[in-house]
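**Q** What follows is my_file_11.cif, mmCIF, N, CA and C atoms and all ligand atoms.
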data_my_file
loop_
_atom_site.group_PDB
_atom_site.id
_atom_site.type_symbol
_atom_site.label_atom_id
_atom_site.label_comp_id
_atom_site.auth_asym_id
_atom_site.auth_seq_id
_atom_site.Cartn_x
_atom_site.Cartn_y
_atom_site.Cartn_z
ATOM 1 N N MET M 1 126.876 87.173 92.839
ATOM 2 C CA MET M 1 125.758 87.895 92.205
ATOM 3 C C MET M 1 124.725 86.887 91.712
ATOM 4 N N SER M 2 123.489 87.073 92.115
ATOM 5 C CA SER M 2 122.450 86.147 91.672
ATOM 6 C C SER M 2 121.796 86.652 90.386
ATOM 7 N N PRO M 3 121.336 85.733 89.563
ATOM 8 C CA PRO M 3 120.686 86.142 88.309
ATOM 9 C C PRO M 3 119.391 86.892 88.590
ATOM 10 N N PRO M 4 118.965 87.764 87.671
ATOM 11 C CA PRO M 4 117.725 88.517 87.889
ATOM 12 C C PRO M 4 116.515 87.594 87.898
ATOM 13 N N GLU M 5 115.526 87.963 88.688
ATOM 14 C CA GLU M 5 114.279 87.214 88.722
ATOM 15 C C GLU M 5 113.592 87.279 87.373
ATOM 16 N N THR M 6 113.167 86.140 86.872
ATOM 17 C CA THR M 6 112.447 86.152 85.602
ATOM 18 C C THR M 6 111.055 85.563 85.783
ATOM 19 N N VAL M 7 110.161 86.004 84.913
ATOM 20 C CA VAL M 7 108.816 85.454 84.882
ATOM 21 C C VAL M 7 108.543 84.970 83.470
ATOM 22 N N CYS M 8 107.622 84.039 83.327
ATOM 23 C CA CYS M 8 107.298 83.529 82.005
ATOM 24 C C CYS M 8 106.105 84.312 81.451
ATOM 25 N N PHE M 9 106.337 84.981 80.328
ATOM 26 C CA PHE M 9 105.267 85.732 79.679
ATOM 27 C C PHE M 9 104.662 84.880 78.583
ATOM 28 N N VAL M 10 103.348 84.704 78.628
ATOM 29 C CA VAL M 10 102.648 84.011 77.550
ATOM 30 C C VAL M 10 101.609 84.959 76.984
ATOM 31 N N CYS M 11 101.783 85.347 75.726
ATOM 32 C CA CYS M 11 100.865 86.292 75.110
ATOM 33 C C CYS M 11 99.503 85.645 74.887
ATOM 34 N N PRO M 12 98.435 86.270 75.368
ATOM 35 C CA PRO M 12 97.098 85.710 75.191
ATOM 36 C C PRO M 12 96.641 85.738 73.742
ATOM 37 N N ALA M 13 97.266 86.587 72.927
ATOM 38 C CA ALA M 13 96.842 86.728 71.533
ATOM 39 C C ALA M 13 97.642 85.832 70.596
ATOM 40 N N CYS M 14 98.964 85.889 70.652
ATOM 41 C CA CYS M 14 99.779 85.101 69.719
ATOM 42 C C CYS M 14 100.370 83.854 70.374
ATOM 43 N N THR M 15 100.115 83.676 71.671
ATOM 44 C CA THR M 15 100.511 82.502 72.459
ATOM 45 C C THR M 15 102.016 82.244 72.512
ATOM 46 N N ARG M 16 102.821 83.222 72.097
ATOM 47 C CA ARG M 16 104.264 83.065 72.257
ATOM 48 C C ARG M 16 104.612 83.161 73.733
ATOM 49 N N SER M 17 105.553 82.360 74.161
ATOM 50 C CA SER M 17 106.007 82.487 75.543
ATOM 51 C C SER M 17 107.474 82.876 75.571
ATOM 52 N N ILE M 18 107.779 83.838 76.408
ATOM 53 C CA ILE M 18 109.129 84.349 76.551
ATOM 54 C C ILE M 18 109.441 84.477 78.030
ATOM 55 N N GLU M 19 110.677 84.185 78.405
ATOM 56 C CA GLU M 19 111.088 84.452 79.773
ATOM 57 C C GLU M 19 111.589 85.883 79.849
ATOM 58 N N VAL M 20 111.020 86.641 80.760
ATOM 59 C CA VAL M 20 111.363 88.054 80.849
ATOM 60 C C VAL M 20 111.706 88.439 82.277
ATOM 61 N N THR M 21 112.479 89.499 82.403
ATOM 62 C CA THR M 21 112.791 90.022 83.731
ATOM 63 C C THR M 21 111.673 90.947 84.197
ATOM 64 N N GLU M 22 111.725 91.276 85.467
ATOM 65 C CA GLU M 22 110.740 92.179 86.061
ATOM 66 C C GLU M 22 110.584 93.477 85.258
ATOM 67 N N SER M 23 111.703 94.061 84.824
ATOM 68 C CA SER M 23 111.615 95.342 84.119
ATOM 69 C C SER M 23 111.010 95.174 82.727
ATOM 70 N N VAL M 24 111.307 94.046 82.069
ATOM 71 C CA VAL M 24 110.693 93.777 80.763
ATOM 72 C C VAL M 24 109.191 93.541 80.938
ATOM 73 N N ARG M 25 108.825 92.870 82.019
ATOM 74 C CA ARG M 25 107.418 92.629 82.320
ATOM 75 C C ARG M 25 106.647 93.953 82.393
ATOM 76 N N GLU M 26 107.243 94.911 83.090
ATOM 77 C CA GLU M 26 106.592 96.214 83.199
ATOM 78 C C GLU M 26 106.495 96.896 81.842
ATOM 79 N N ALA M 27 107.542 96.746 81.022
ATOM 80 C CA ALA M 27 107.523 97.336 79.682
ATOM 81 C C ALA M 27 106.435 96.706 78.812
ATOM 82 N N LEU M 28 106.257 95.400 78.953
ATOM 83 C CA LEU M 28 105.230 94.700 78.171
ATOM 84 C C LEU M 28 103.832 95.171 78.560
ATOM 85 N N ILE M 29 103.609 95.313 79.873
ATOM 86 C CA ILE M 29 102.307 95.790 80.346
ATOM 87 C C ILE M 29 102.063 97.209 79.845
ATOM 88 N N GLU M 30 103.147 97.968 79.803
ATOM 89 C CA GLU M 30 103.056 99.363 79.375
ATOM 90 C C GLU M 30 102.772 99.472 77.879
ATOM 91 N N SER M 31 103.524 98.723 77.055
ATOM 92 C CA SER M 31 103.437 98.943 75.604
ATOM 93 C C SER M 31 102.912 97.754 74.814
ATOM 94 N N GLY M 32 102.568 96.645 75.474
ATOM 95 C CA GLY M 32 101.975 95.531 74.760
ATOM 96 C C GLY M 32 102.990 94.483 74.337
ATOM 97 N N CYS M 33 102.483 93.375 73.780
ATOM 98 C CA CYS M 33 103.312 92.252 73.344
ATOM 99 C C CYS M 33 104.335 92.701 72.299
ATOM 100 N N VAL M 34 105.589 92.262 72.470
ATOM 101 C CA VAL M 34 106.643 92.646 71.524
ATOM 102 C C VAL M 34 106.435 92.002 70.158
ATOM 103 N N ILE M 35 105.709 90.905 70.111
ATOM 104 C CA ILE M 35 105.544 90.176 68.860
ATOM 105 C C ILE M 35 104.318 90.672 68.082
ATOM 106 N N CYS M 36 103.180 90.765 68.733
ATOM 107 C CA CYS M 36 101.972 91.117 67.998
ATOM 108 C C CYS M 36 101.386 92.466 68.414
ATOM 109 N N GLY M 37 101.914 93.059 69.484
ATOM 110 C CA GLY M 37 101.474 94.386 69.882
ATOM 111 C C GLY M 37 100.194 94.432 70.687
ATOM 112 N N THR M 38 99.650 93.254 71.011
ATOM 113 C CA THR M 38 98.426 93.215 71.807
ATOM 114 C C THR M 38 98.668 93.698 73.232
ATOM 115 N N ASP M 39 97.708 94.420 73.775
ATOM 116 C CA ASP M 39 97.797 94.842 75.167
ATOM 117 C C ASP M 39 97.817 93.625 76.086
ATOM 118 N N VAL M 40 98.727 93.619 77.026
ATOM 119 C CA VAL M 40 98.787 92.524 77.978
ATOM 120 C C VAL M 40 98.651 93.057 79.397
ATOM 121 N N ASP M 41 98.192 92.185 80.292
ATOM 122 C CA ASP M 41 98.121 92.567 81.695
ATOM 123 C C ASP M 41 98.755 91.489 82.563
ATOM 124 N N ASP M 42 98.611 91.617 83.851
ATOM 125 C CA ASP M 42 99.256 90.704 84.795
ATOM 126 C C ASP M 42 98.926 89.228 84.559
ATOM 127 N N ASP M 43 97.737 88.963 84.024
ATOM 128 C CA ASP M 43 97.321 87.580 83.797
ATOM 129 C C ASP M 43 98.211 86.833 82.808
ATOM 130 N N ALA M 44 98.931 87.580 81.973
ATOM 131 C CA ALA M 44 99.767 86.953 80.953
ATOM 132 C C ALA M 44 101.106 86.474 81.501
ATOM 133 N N PHE M 45 101.324 86.684 82.791
ATOM 134 C CA PHE M 45 102.616 86.324 83.371
ATOM 135 C C PHE M 45 102.462 85.241 84.424
ATOM 136 N N ASP M 46 103.265 84.207 84.256
ATOM 137 C CA ASP M 46 103.266 83.083 85.178
ATOM 138 C C ASP M 46 104.459 83.210 86.101
ATOM 139 N N GLN M 47 104.228 83.200 87.393
ATOM 140 C CA GLN M 47 105.375 83.254 88.289
ATOM 141 C C GLN M 47 105.548 81.924 89.003
ATOM 142 N N GLU M 48 105.166 81.828 90.246
ATOM 143 C CA GLU M 48 105.325 80.582 90.995
ATOM 144 C C GLU M 48 104.439 79.477 90.410
ATOM 145 N N SER M 49 103.295 79.859 89.869
ATOM 146 C CA SER M 49 102.298 78.876 89.456
ATOM 147 C C SER M 49 102.826 77.884 88.425
ATOM 148 N N ALA M 50 103.719 78.330 87.546
ATOM 149 C CA ALA M 50 104.268 77.435 86.532
ATOM 150 C C ALA M 50 105.009 76.284 87.188
ATOM 151 N N THR M 51 105.775 76.596 88.210
ATOM 152 C CA THR M 51 106.560 75.563 88.879
ATOM 153 C C THR M 51 105.656 74.578 89.617
ATOM 154 N N SER M 52 104.659 75.098 90.338
ATOM 155 C CA SER M 52 103.820 74.187 91.113
ATOM 156 C C SER M 52 102.965 73.320 90.199
ATOM 157 N N ARG M 53 102.601 73.846 89.029
ATOM 158 C CA ARG M 53 101.841 73.026 88.088
ATOM 159 C C ARG M 53 102.699 71.856 87.597
ATOM 160 N N GLU M 54 103.963 72.129 87.313
ATOM 161 C CA GLU M 54 104.865 71.066 86.877
ATOM 162 C C GLU M 54 105.027 70.010 87.963
ATOM 163 N N ASP M 55 105.119 70.475 89.198
ATOM 164 C CA ASP M 55 105.233 69.533 90.314
ATOM 165 C C ASP M 55 104.010 68.625 90.386
ATOM 166 N N GLY M 56 102.839 69.188 90.164
ATOM 167 C CA GLY M 56 101.609 68.403 90.190
ATOM 168 C C GLY M 56 101.633 67.292 89.167
ATOM 169 N N VAL M 57 102.105 67.604 87.975
ATOM 170 C CA VAL M 57 102.204 66.596 86.913
ATOM 171 C C VAL M 57 103.183 65.510 87.308
ATOM 172 N N ALA M 58 104.325 65.935 87.833
ATOM 173 C CA ALA M 58 105.349 64.973 88.221
ATOM 174 C C ALA M 58 104.823 64.033 89.295
ATOM 175 N N ASN M 59 104.101 64.577 90.259
ATOM 176 C CA ASN M 59 103.563 63.752 91.329
ATOM 177 C C ASN M 59 102.535 62.758 90.790
ATOM 178 N N ALA M 60 101.683 63.221 89.888
ATOM 179 C CA ALA M 60 100.654 62.360 89.329
ATOM 180 C C ALA M 60 101.276 61.181 88.595
ATOM 181 N N GLU M 61 102.332 61.470 87.847
ATOM 182 C CA GLU M 61 102.986 60.408 87.090
ATOM 183 C C GLU M 61 103.689 59.426 88.024
ATOM 184 N N HIS M 62 104.218 59.983 89.103
ATOM 185 C CA HIS M 62 104.921 59.119 90.060
ATOM 186 C C HIS M 62 103.942 58.129 90.699
ATOM 187 N N LYS M 63 102.736 58.625 91.024
ATOM 188 C CA LYS M 63 101.742 57.769 91.647
ATOM 189 C C LYS M 63 101.327 56.644 90.717
ATOM 190 N N ARG M 64 101.192 56.977 89.420
ATOM 191 C CA ARG M 64 100.754 55.992 88.437
ATOM 192 C C ARG M 64 101.800 54.895 88.266
ATOM 193 N N ALA M 65 103.074 55.264 88.371
ATOM 194 C CA ALA M 65 104.155 54.306 88.092
ATOM 195 C C ALA M 65 104.405 53.321 89.241
HETATM 196 ZN ZN ZN M 101 101.523 88.584 71.178
#
Please render this file's structure as C-alpha cells.

**A**
Amino acid sequence: MSPPETVCFVCPACTRSIEVTESVREALIESGCVICGTDVDDDAFDQESATSREDGVANAEHKRA
C-alpha cells in the first residue's frame, strides 16, 4: 500500500504551511484556511514545483562548490 499523495499548503494570509492530502486540499478550498479562515484557492498549494525549486538550489550550490 502506498502512502496518500500529499501537497504542501501555504496559506497566503497567515503563511502557515501544512502538508495535506488531496481530500484535505479540497476541504481547504471549500471552507478556507484551518488556522485563520481565509479563503484559499489552487495557488496556495505547491505540488511538483516545490521539489523542482529545491533541485534548482541544490544544483546552484553544487556549481559554486
Ligand atoms: Zn491561514

**Q** The PyMOL selection byres (((not hetatm)) within 7 of (chain M and resi 101)) on the file shown: which residues, as a PDB file with N, CA and C atoms, in the frame of the given file?

**A**
ATOM      1  N   VAL M  10     103.348  84.704  78.628  1.00  0.00           N
ATOM      2  CA  VAL M  10     102.648  84.011  77.550  1.00  0.00           C
ATOM      3  C   VAL M  10     101.609  84.959  76.984  1.00  0.00           C
ATOM      4  N   CYS M  11     101.783  85.347  75.726  1.00  0.00           N
ATOM      5  CA  CYS M  11     100.865  86.292  75.110  1.00  0.00           C
ATOM      6  C   CYS M  11      99.503  85.645  74.887  1.00  0.00           C
ATOM      7  N   PRO M  12      98.435  86.270  75.368  1.00  0.00           N
ATOM      8  CA  PRO M  12      97.098  85.710  75.191  1.00  0.00           C
ATOM      9  C   PRO M  12      96.641  85.738  73.742  1.00  0.00           C
ATOM     10  N   ALA M  13      97.266  86.587  72.927  1.00  0.00           N
ATOM     11  CA  ALA M  13      96.842  86.728  71.533  1.00  0.00           C
ATOM     12  C   ALA M  13      97.642  85.832  70.596  1.00  0.00           C
ATOM     13  N   CYS M  14      98.964  85.889  70.652  1.00  0.00           N
ATOM     14  CA  CYS M  14      99.779  85.101  69.719  1.00  0.00           C
ATOM     15  C   CYS M  14     100.370  83.854  70.374  1.00  0.00           C
ATOM     16  N   THR M  15     100.115  83.676  71.671  1.00  0.00           N
ATOM     17  CA  THR M  15     100.511  82.502  72.459  1.00  0.00           C
ATOM     18  C   THR M  15     102.016  82.244  72.512  1.00  0.00           C
ATOM     19  N   ARG M  16     102.821  83.222  72.097  1.00  0.00           N
ATOM     20  CA  ARG M  16     104.264  83.065  72.257  1.00  0.00           C
ATOM     21  C   ARG M  16     104.612  83.161  73.733  1.00  0.00           C
ATOM     22  N   GLY M  32     102.568  96.645  75.474  1.00  0.00           N
ATOM     23  CA  GLY M  32     101.975  95.531  74.760  1.00  0.00           C
ATOM     24  C   GLY M  32     102.990  94.483  74.337  1.00  0.00           C
ATOM     25  N   CYS M  33     102.483  93.375  73.780  1.00  0.00           N
ATOM     26  CA  CYS M  33     103.312  92.252  73.344  1.00  0.00           C
ATOM     27  C   CYS M  33     104.335  92.701  72.299  1.00  0.00           C
ATOM     28  N   VAL M  34     105.589  92.262  72.470  1.00  0.00           N
ATOM     29  CA  VAL M  34     106.643  92.646  71.524  1.00  0.00           C
ATOM     30  C   VAL M  34     106.435  92.002  70.158  1.00  0.00           C
ATOM     31  N   ILE M  35     105.709  90.905  70.111  1.00  0.00           N
ATOM     32  CA  ILE M  35     105.544  90.176  68.860  1.00  0.00           C
ATOM     33  C   ILE M  35     104.318  90.672  68.082  1.00  0.00           C
ATOM     34  N   CYS M  36     103.180  90.765  68.733  1.00  0.00           N
ATOM     35  CA  CYS M  36     101.972  91.117  67.998  1.00  0.00           C
ATOM     36  C   CYS M  36     101.386  92.466  68.414  1.00  0.00           C
ATOM     37  N   GLY M  37     101.914  93.059  69.484  1.00  0.00           N
ATOM     38  CA  GLY M  37     101.474  94.386  69.882  1.00  0.00           C
ATOM     39  C   GLY M  37     100.194  94.432  70.687  1.00  0.00           C
ATOM     40  N   THR M  38      99.650  93.254  71.011  1.00  0.00           N
ATOM     41  CA  THR M  38      98.426  93.215  71.807  1.00  0.00           C
ATOM     42  C   THR M  38      98.668  93.698  73.232  1.00  0.00           C
TER      43      THR M  38
END

**Q** Evaluate the PyMOL selection byres (((chain M and resi 9) around 7) and not hetatm) and record the selected residues as a list in words, following the chain and residue labels used in the document.

**A**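 For this structure, the PyMOL selection byres (((chain M and resi 9) around 7) and not hetatm) captures Val7, Cys8, Val10, Cys11, Arg16, Ser17, Ile18, Glu19, Val20, Ala44, Phe45 and Asp46 of chain M.
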
**Q** Could you check how far CA of Met1 in chain M sits from CA of Glu30 in chain M, in Å to one decimal?

**A**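 Computed distance, CA of Met1 in chain M to CA of Glu30 in chain M, equals 28.5 Å.
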
**Q** Please indicate the distance in Å from atom C of Val40 in chain M to atom N of Pro3 in chain M, rounded to one decimal place.

**A**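 A separation of 25.9 Å between them.
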
**Q** How many Å separate atom N of Asp43 in chain M from atom N of Pro4 in chain M?

**A**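 It comes out at 21.6 Å.
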
**Q** Write out as AutoDock Vina command-line options an axis-aligned box for range 22-37 of chain M: all of its atoms listed in the file, 6 Å added on each side, centre and edge lengths in Å with one decimal.

**A**
--center_x 106.0 --center_y 94.8 --center_z 77.0 --size_x 23.5 --size_y 21.3 --size_z 30.1

**Q** For Ile29 in chain M, work out the shell of residues within 8 Å, counting all atoms listed in the file and skipping chain neighbours fewer than 3 positions away, then give it as a PyMOL selection string.

**A** chain M and resi 23-26+32-33+39-42
